[in-house]
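Data file: protein_10.cif. Format and content: mmCIF, C-alpha atoms.
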data_coords
#
loop_
_atom_site.group_PDB
_atom_site.id
_atom_site.type_symbol
_atom_site.label_atom_id
_atom_site.label_comp_id
_atom_site.auth_asym_id
_atom_site.auth_seq_id
_atom_site.Cartn_x
_atom_site.Cartn_y
_atom_site.Cartn_z
ATOM 1 C CA GLY A 18 -9.307 162.668 152.730
ATOM 2 C CA ALA A 19 -9.414 166.027 154.561
ATOM 3 C CA VAL A 20 -7.942 164.803 157.833
ATOM 4 C CA VAL A 21 -6.978 167.216 160.594
ATOM 5 C CA SER A 22 -4.744 165.945 163.359
ATOM 6 C CA GLN A 23 -4.447 167.623 166.742
ATOM 7 C CA HIS A 24 -1.793 166.890 169.347
ATOM 8 C CA PRO A 25 -1.726 166.275 172.242
ATOM 9 C CA SER A 26 -5.190 164.894 172.888
ATOM 10 C CA ARG A 27 -4.924 165.509 176.596
ATOM 11 C CA VAL A 28 -2.552 167.465 178.809
ATOM 12 C CA ILE A 29 -2.444 168.015 182.540
ATOM 13 C CA CYS A 30 -0.010 170.521 183.945
ATOM 14 C CA LYS A 31 0.681 172.858 186.802
ATOM 15 C CA SER A 32 -0.502 176.429 187.033
ATOM 16 C CA GLY A 33 1.960 178.851 185.433
ATOM 17 C CA THR A 34 3.077 176.417 182.740
ATOM 18 C CA SER A 35 2.834 177.287 179.045
ATOM 19 C CA VAL A 36 1.228 174.632 176.867
ATOM 20 C CA LYS A 37 1.556 174.243 173.100
ATOM 21 C CA ILE A 38 -1.116 172.514 171.004
ATOM 22 C CA GLU A 39 -0.470 171.515 167.398
ATOM 23 C CA CYS A 40 -2.968 171.328 164.553
ATOM 24 C CA ARG A 41 -1.958 169.677 161.295
ATOM 25 C CA SER A 42 -3.788 169.207 158.024
ATOM 26 C CA LEU A 43 -2.527 165.797 156.937
ATOM 27 C CA ASP A 44 -3.560 165.542 153.321
ATOM 28 C CA PHE A 45 -4.256 169.078 152.190
ATOM 29 C CA GLN A 46 -2.879 172.579 152.420
ATOM 30 C CA ALA A 47 -4.649 175.087 154.620
ATOM 31 C CA THR A 48 -3.936 178.793 154.374
ATOM 32 C CA THR A 49 -6.497 179.327 157.109
ATOM 33 C CA MET A 50 -7.046 177.377 160.309
ATOM 34 C CA PHE A 51 -9.326 178.156 163.213
ATOM 35 C CA TRP A 52 -9.067 177.683 166.965
ATOM 36 C CA TYR A 53 -12.105 177.054 169.152
ATOM 37 C CA ARG A 54 -12.680 176.574 172.833
ATOM 38 C CA GLN A 55 -15.457 174.529 174.434
ATOM 39 C CA PHE A 56 -16.468 174.434 178.081
ATOM 40 C CA PRO A 57 -18.414 171.451 179.494
ATOM 41 C CA LYS A 58 -21.971 171.212 178.185
ATOM 42 C CA LYS A 59 -21.455 174.359 176.115
ATOM 43 C CA SER A 60 -21.056 174.986 172.417
ATOM 44 C CA LEU A 61 -17.847 175.779 170.571
ATOM 45 C CA MET A 62 -16.629 179.365 170.711
ATOM 46 C CA LEU A 63 -14.319 180.668 168.015
ATOM 47 C CA MET A 64 -11.149 182.111 169.533
ATOM 48 C CA ALA A 65 -9.116 183.116 166.513
ATOM 49 C CA THR A 66 -8.432 182.671 162.836
ATOM 50 C CA SER A 67 -4.911 181.523 162.059
ATOM 51 C CA ASN A 68 -3.470 182.799 158.782
ATOM 52 C CA GLU A 69 -0.402 181.227 157.210
ATOM 53 C CA GLY A 70 2.470 183.679 157.075
ATOM 54 C CA SER A 71 0.670 186.474 158.876
ATOM 55 C CA LYS A 72 -0.771 187.416 162.237
ATOM 56 C CA ALA A 73 -3.787 185.652 163.629
ATOM 57 C CA THR A 74 -7.111 187.437 163.900
ATOM 58 C CA TYR A 75 -8.593 187.171 167.382
ATOM 59 C CA GLU A 76 -12.259 187.294 168.319
ATOM 60 C CA GLN A 77 -13.449 189.964 170.714
ATOM 61 C CA GLY A 78 -12.542 189.204 174.304
ATOM 62 C CA VAL A 79 -9.749 186.742 173.490
ATOM 63 C CA GLU A 80 -6.350 187.844 174.799
ATOM 64 C CA LYS A 81 -3.781 187.575 172.045
ATOM 65 C CA ASP A 82 -0.882 187.633 174.510
ATOM 66 C CA LYS A 83 -2.450 184.787 176.445
ATOM 67 C CA PHE A 84 -3.221 182.593 173.450
ATOM 68 C CA LEU A 85 -0.301 182.779 171.026
ATOM 69 C CA ILE A 86 -0.970 181.449 167.549
ATOM 70 C CA ASN A 87 1.665 180.596 164.975
ATOM 71 C CA HIS A 88 0.899 179.374 161.454
ATOM 72 C CA ALA A 89 4.335 178.884 159.983
ATOM 73 C CA SER A 90 3.442 176.465 157.197
ATOM 74 C CA LEU A 91 0.465 175.485 155.070
ATOM 75 C CA THR A 92 -0.113 172.368 157.141
ATOM 76 C CA LEU A 93 0.640 173.419 160.713
ATOM 77 C CA SER A 94 -0.807 175.892 163.184
ATOM 78 C CA THR A 95 0.057 176.002 166.872
ATOM 79 C CA LEU A 96 -1.770 177.474 169.844
ATOM 80 C CA THR A 97 0.267 178.229 172.952
ATOM 81 C CA VAL A 98 -1.583 178.910 176.170
ATOM 82 C CA THR A 99 0.906 181.026 178.098
ATOM 83 C CA SER A 100 1.186 180.945 181.876
ATOM 84 C CA ALA A 101 -1.892 178.766 182.088
ATOM 85 C CA HIS A 102 -4.182 178.947 185.119
ATOM 86 C CA PRO A 103 -7.064 176.703 186.218
ATOM 87 C CA GLU A 104 -9.609 178.927 184.458
ATOM 88 C CA ASP A 105 -7.853 178.115 181.161
ATOM 89 C CA SER A 106 -8.836 174.468 181.585
ATOM 90 C CA SER A 107 -11.038 173.629 178.618
ATOM 91 C CA PHE A 108 -11.425 171.603 175.437
ATOM 92 C CA TYR A 109 -9.487 173.280 172.606
ATOM 93 C CA ILE A 110 -10.354 172.326 169.040
ATOM 94 C CA CYS A 111 -8.802 173.357 165.752
ATOM 95 C CA SER A 112 -10.169 173.217 162.232
ATOM 96 C CA ALA A 113 -8.797 173.702 158.751
ATOM 97 C CA ARG A 114 -10.180 174.039 155.279
ATOM 98 C CA GLN A 115 -8.722 173.377 151.851
ATOM 99 C CA ASP A 116 -7.952 176.450 149.814
ATOM 100 C CA ILE A 117 -10.604 175.547 147.291
ATOM 101 C CA SER A 118 -13.865 177.424 146.946
ATOM 102 C CA ASN A 119 -16.818 175.975 148.826
ATOM 103 C CA GLN A 120 -14.831 173.402 150.788
ATOM 104 C CA PRO A 121 -15.986 172.822 154.386
ATOM 105 C CA GLN A 122 -13.893 173.075 157.510
ATOM 106 C CA HIS A 123 -12.659 169.832 158.993
ATOM 107 C CA PHE A 124 -11.974 169.556 162.682
ATOM 108 C CA GLY A 125 -9.346 167.903 164.804
ATOM 109 C CA ASP A 126 -10.337 165.692 167.707
ATOM 110 C CA GLY A 127 -9.546 168.354 170.269
ATOM 111 C CA THR A 128 -7.161 168.774 173.182
ATOM 112 C CA ARG A 129 -8.426 168.521 176.711
ATOM 113 C CA LEU A 130 -6.352 170.871 178.846
ATOM 114 C CA SER A 131 -6.435 170.572 182.612
ATOM 115 C CA ILE A 132 -4.507 173.052 184.730
ATOM 116 C CA LEU A 133 -3.976 172.075 188.343
ATOM 117 C CA ASP B 21 -27.300 186.858 167.969
ATOM 118 C CA ALA B 22 -28.291 183.383 166.853
ATOM 119 C CA LYS B 23 -28.841 182.975 163.150
ATOM 120 C CA THR B 24 -30.375 179.524 163.504
ATOM 121 C CA THR B 25 -32.923 177.936 165.825
ATOM 122 C CA GLN B 26 -32.943 174.225 166.585
ATOM 123 C CA PRO B 27 -34.886 172.118 169.091
ATOM 124 C CA PRO B 28 -32.683 171.374 172.113
ATOM 125 C CA SER B 29 -33.177 167.625 171.958
ATOM 126 C CA MET B 30 -34.701 164.774 169.975
ATOM 127 C CA ASP B 31 -35.102 161.042 170.414
ATOM 128 C CA CYS B 32 -34.966 158.767 167.394
ATOM 129 C CA ALA B 33 -35.550 155.057 166.938
ATOM 130 C CA GLU B 34 -32.704 152.946 165.617
ATOM 131 C CA GLY B 35 -33.236 152.013 161.993
ATOM 132 C CA ARG B 36 -35.741 154.772 161.350
ATOM 133 C CA ALA B 37 -35.151 158.042 159.536
ATOM 134 C CA ALA B 38 -34.210 160.970 161.752
ATOM 135 C CA ASN B 39 -35.466 164.375 160.628
ATOM 136 C CA LEU B 40 -33.691 167.299 162.269
ATOM 137 C CA PRO B 41 -35.260 170.727 161.735
ATOM 138 C CA CYS B 42 -33.515 174.090 161.630
ATOM 139 C CA ASN B 43 -34.982 177.566 161.278
ATOM 140 C CA HIS B 44 -32.906 180.315 159.676
ATOM 141 C CA SER B 45 -35.555 182.902 158.880
ATOM 142 C CA THR B 46 -33.087 185.785 158.424
ATOM 143 C CA ILE B 47 -30.814 183.942 156.002
ATOM 144 C CA SER B 48 -29.434 185.984 153.132
ATOM 145 C CA GLY B 49 -29.027 184.950 149.524
ATOM 146 C CA ASN B 50 -25.259 184.624 149.951
ATOM 147 C CA GLU B 51 -25.369 182.363 152.999
ATOM 148 C CA TYR B 52 -24.883 178.619 153.031
ATOM 149 C CA VAL B 53 -26.538 176.191 155.436
ATOM 150 C CA TYR B 54 -24.026 173.811 157.030
ATOM 151 C CA TRP B 55 -24.577 170.821 159.274
ATOM 152 C CA TYR B 56 -22.004 169.383 161.631
ATOM 153 C CA ARG B 57 -22.296 166.909 164.463
ATOM 154 C CA GLN B 58 -20.223 166.377 167.577
ATOM 155 C CA ILE B 59 -19.990 163.053 169.285
ATOM 156 C CA HIS B 60 -19.061 163.288 172.944
ATOM 157 C CA SER B 61 -15.457 164.383 173.573
ATOM 158 C CA GLN B 62 -14.592 164.580 169.889
ATOM 159 C CA GLY B 63 -14.214 167.409 167.392
ATOM 160 C CA PRO B 64 -17.181 168.272 165.158
ATOM 161 C CA GLN B 65 -17.692 166.190 162.048
ATOM 162 C CA TYR B 66 -18.818 167.759 158.786
ATOM 163 C CA ILE B 67 -22.060 166.276 157.448
ATOM 164 C CA ILE B 68 -23.387 168.299 154.547
ATOM 165 C CA HIS B 69 -24.023 171.806 153.271
ATOM 166 C CA GLY B 70 -26.181 173.569 150.707
ATOM 167 C CA LEU B 71 -27.080 176.952 149.329
ATOM 168 C CA LYS B 72 -30.443 176.658 147.574
ATOM 169 C CA ASN B 73 -30.862 173.137 146.244
ATOM 170 C CA ASN B 74 -31.415 169.975 148.201
ATOM 171 C CA GLU B 75 -28.251 167.953 148.703
ATOM 172 C CA THR B 76 -27.495 164.317 149.408
ATOM 173 C CA ASN B 77 -24.295 162.506 150.282
ATOM 174 C CA GLU B 78 -23.342 159.205 151.867
ATOM 175 C CA MET B 79 -24.204 160.468 155.339
ATOM 176 C CA ALA B 80 -27.384 162.455 154.992
ATOM 177 C CA SER B 81 -29.782 164.539 152.927
ATOM 178 C CA LEU B 82 -30.373 168.247 153.313
ATOM 179 C CA ILE B 83 -33.762 169.630 152.368
ATOM 180 C CA ILE B 84 -33.957 173.433 152.094
ATOM 181 C CA THR B 85 -37.359 175.082 151.753
ATOM 182 C CA GLU B 86 -38.017 177.180 148.694
ATOM 183 C CA ASP B 87 -37.921 180.429 150.696
ATOM 184 C CA ARG B 88 -34.701 179.156 152.362
ATOM 185 C CA LYS B 89 -35.994 180.104 155.794
ATOM 186 C CA SER B 90 -35.721 176.587 157.151
ATOM 187 C CA SER B 91 -34.090 173.269 156.416
ATOM 188 C CA THR B 92 -34.187 169.659 157.517
ATOM 189 C CA LEU B 93 -31.298 167.257 157.899
ATOM 190 C CA ILE B 94 -32.341 163.678 157.240
ATOM 191 C CA LEU B 95 -30.383 160.705 158.514
ATOM 192 C CA PRO B 96 -32.002 157.925 156.468
ATOM 193 C CA HIS B 97 -31.403 155.002 158.828
ATOM 194 C CA ALA B 98 -30.340 156.155 162.271
ATOM 195 C CA THR B 99 -27.928 153.962 164.222
ATOM 196 C CA LEU B 100 -26.780 154.158 167.826
ATOM 197 C CA ARG B 101 -23.527 155.705 166.568
ATOM 198 C CA ASP B 102 -25.511 158.691 165.266
ATOM 199 C CA THR B 103 -26.144 159.816 168.850
ATOM 200 C CA ALA B 104 -24.524 163.271 168.969
ATOM 201 C CA VAL B 105 -25.130 167.017 169.113
ATOM 202 C CA TYR B 106 -26.116 168.263 165.659
ATOM 203 C CA TYR B 107 -25.348 171.849 164.701
ATOM 204 C CA CYS B 108 -27.065 173.806 161.951
ATOM 205 C CA ILE B 109 -24.922 176.784 160.938
ATOM 206 C CA VAL B 110 -25.395 179.596 158.472
ATOM 207 C CA ARG B 111 -22.209 180.833 156.809
ATOM 208 C CA VAL B 112 -21.678 183.777 154.477
ATOM 209 C CA VAL B 113 -20.077 182.937 151.140
ATOM 210 C CA GLY B 114 -16.423 183.923 151.320
ATOM 211 C CA ASP B 115 -16.333 184.204 155.128
ATOM 212 C CA TYR B 116 -15.201 180.868 156.457
ATOM 213 C CA LYS B 117 -15.779 181.454 160.152
ATOM 214 C CA LEU B 118 -18.400 179.196 161.723
ATOM 215 C CA SER B 119 -20.619 180.315 164.591
ATOM 216 C CA PHE B 120 -21.923 177.385 166.625
ATOM 217 C CA GLY B 121 -25.213 177.608 168.488
ATOM 218 C CA ALA B 122 -26.488 175.166 171.080
ATOM 219 C CA GLY B 123 -27.448 172.523 168.532
ATOM 220 C CA THR B 124 -29.834 169.588 168.915
ATOM 221 C CA THR B 125 -28.867 166.696 171.140
ATOM 222 C CA VAL B 126 -30.012 163.630 169.240
ATOM 223 C CA THR B 127 -30.315 160.344 171.084
ATOM 224 C CA VAL B 128 -30.860 157.226 169.016
ATOM 225 C CA ARG B 129 -32.534 154.466 171.012
ATOM 226 C CA ALA B 130 -32.570 150.768 170.265
#

Could you spell out this file's structure in structure tokens?
Amino acid sequence: GAVVSQHPSRVICKSGTSVKIECRSLDFQATTMFWYRQFPKKSLMLMATSNEGSKATYEQGVEKDKFLINHASLTLSTLTVTSAHPEDSSFYICSARQDISNQPQHFGDGTRLSIL
Amino acid sequence: DAKTTQPPSMDCAEGRAANLPCNHSTISGNEYVYWYRQIHSQGPQYIIHGLKNNETNEMASLIITEDRKSSTLILPHATLRDTAVYYCIVRVVGDYKLSFGAGTTVTVRA
């Protein structure tokens, strides 16, 4: 149980393109999902908290107009990297937790984004 | 500001127990200790968590000292597939955000 699916696993696109990444909780409902970013040989950095039915909460220094988050249902959150540039190339990872007290977050397998 | 301190790397022998230490000397009474691991190019995998008592599941055991200022993750019989970066994270009860530090790179050798 507690499976989080992320799609696509890898995307390569041209500079200026907008890219959408999906995060789904397959066997549980998740009011809250989280989006992280990881550069090579670095640790995960939390970008934002995605809240079902309301606006996402962004961490300091993360541009909300650059990284659009939509959490339209209890099992799906999307991250759109708008007008992506090479410096946006990174490993993007989502996580979700069941809406039950004391349940851990479970992570997707990440999306490797490469902007040419 | 890091809430946990872990050694940057460890080598372990296949088949032996792997003991991974973590210091969290400023932990508060309402903070859990969580352990995750990340195998190369994958998302983190949840291992175990605890508040005060020692915990055990099918993957590992978590030993928390009585003063809660440090803990040890024990992998009872390490295999080559346990090679990963292991993260010890302190999380406030009710706040579900996780703050990842540098972790410990564990290499299991045959």

- prompt: If the PyMOL selection byres ((chain B and resi 123) around 8) is run on the structure shown, which residues does it catch, given as JSON, numbers by chain?
  reply: {"A": [60], "B": [26, 27, 28, 105, 106, 107, 108, 120, 121, 122, 124, 125]}

At a cut-off of 10 Å, which residues of chain B touch chain A? Count only C-alpha atoms and give the answer as an mmCIF file with C-alpha atoms, keeping the file's coordinate frame.
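Wrote it out as out-v4.cif, contents follow:
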data_model
loop_
_atom_site.group_PDB
_atom_site.id
_atom_site.type_symbol
_atom_site.label_atom_id
_atom_site.label_comp_id
_atom_site.auth_asym_id
_atom_site.auth_seq_id
_atom_site.Cartn_x
_atom_site.Cartn_y
_atom_site.Cartn_z
ATOM 1 C CA TYR B 52 -24.883 178.619 153.031
ATOM 2 C CA TYR B 54 -24.026 173.811 157.030
ATOM 3 C CA TYR B 56 -22.004 169.383 161.631
ATOM 4 C CA GLN B 58 -20.223 166.377 167.577
ATOM 5 C CA HIS B 60 -19.061 163.288 172.944
ATOM 6 C CA SER B 61 -15.457 164.383 173.573
ATOM 7 C CA GLN B 62 -14.592 164.580 169.889
ATOM 8 C CA GLY B 63 -14.214 167.409 167.392
ATOM 9 C CA PRO B 64 -17.181 168.272 165.158
ATOM 10 C CA GLN B 65 -17.692 166.190 162.048
ATOM 11 C CA TYR B 66 -18.818 167.759 158.786
ATOM 12 C CA ILE B 67 -22.060 166.276 157.448
ATOM 13 C CA ILE B 68 -23.387 168.299 154.547
ATOM 14 C CA HIS B 69 -24.023 171.806 153.271
ATOM 15 C CA GLY B 70 -26.181 173.569 150.707
ATOM 16 C CA VAL B 105 -25.130 167.017 169.113
ATOM 17 C CA TYR B 107 -25.348 171.849 164.701
ATOM 18 C CA VAL B 113 -20.077 182.937 151.140
ATOM 19 C CA GLY B 114 -16.423 183.923 151.320
ATOM 20 C CA TYR B 116 -15.201 180.868 156.457
ATOM 21 C CA LYS B 117 -15.779 181.454 160.152
ATOM 22 C CA LEU B 118 -18.400 179.196 161.723
ATOM 23 C CA SER B 119 -20.619 180.315 164.591
ATOM 24 C CA PHE B 120 -21.923 177.385 166.625
ATOM 25 C CA GLY B 121 -25.213 177.608 168.488
ATOM 26 C CA ALA B 122 -26.488 175.166 171.080
ATOM 27 C CA GLY B 123 -27.448 172.523 168.532
#

Local residues around (-0.8, 176.4, 185.6), at most 12 Å away, using all atoms listed in the file, as a list in words: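 Collected hits near the coordinates: Val28, Ile29, Cys30, Lys31, Ser32, Gly33, Thr34, Ser35, Val36, Val98, Thr99, Ser100, Ala101, His102, Pro103, Glu104, Asp105, Ser106, Leu130, Ser131, Ile132 and Leu133 of chain A.
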
Selection: 10 Å around Thr95 in chain A, all atoms listed in the file, excl. self and same-chain fewer than 2 positions, as a list in words: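 Close residues of Thr95 in chain A: Gln23, His24, Lys37, Ile38, Glu39, Cys40, Arg41, Met50, Trp52, Ser67, Phe84, Leu85, Ile86, Asn87, His88, Ala89, Leu93, Thr97, Val98 and Cys111 of chain A.
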
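For the atom pair formed by CA of Ala104 in chain B and CA of Gly78 in chain A, the distance is 29.1 Å, given to one decimal.
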
message: At a cut-off of 7 Å, using all atoms listed in the file, what residues contact range 74-83 of chain B? Leave out same-chain residues fewer than 3 positions from it and give the result as number ranges by chain.
response: B: 67, 70, 91-96

How big is the axis-aligned box, and where does its centre sit, when it encloses all atoms of range 31-46 of chain B listed in the file and has 5 Å added on every side, reported in Å to one decimal as lines of an AutoDock Vina configuration file?
center_x = -34.2
center_y = 168.9
center_z = 164.4
size_x = 13.0
size_y = 43.8
size_z = 22.0
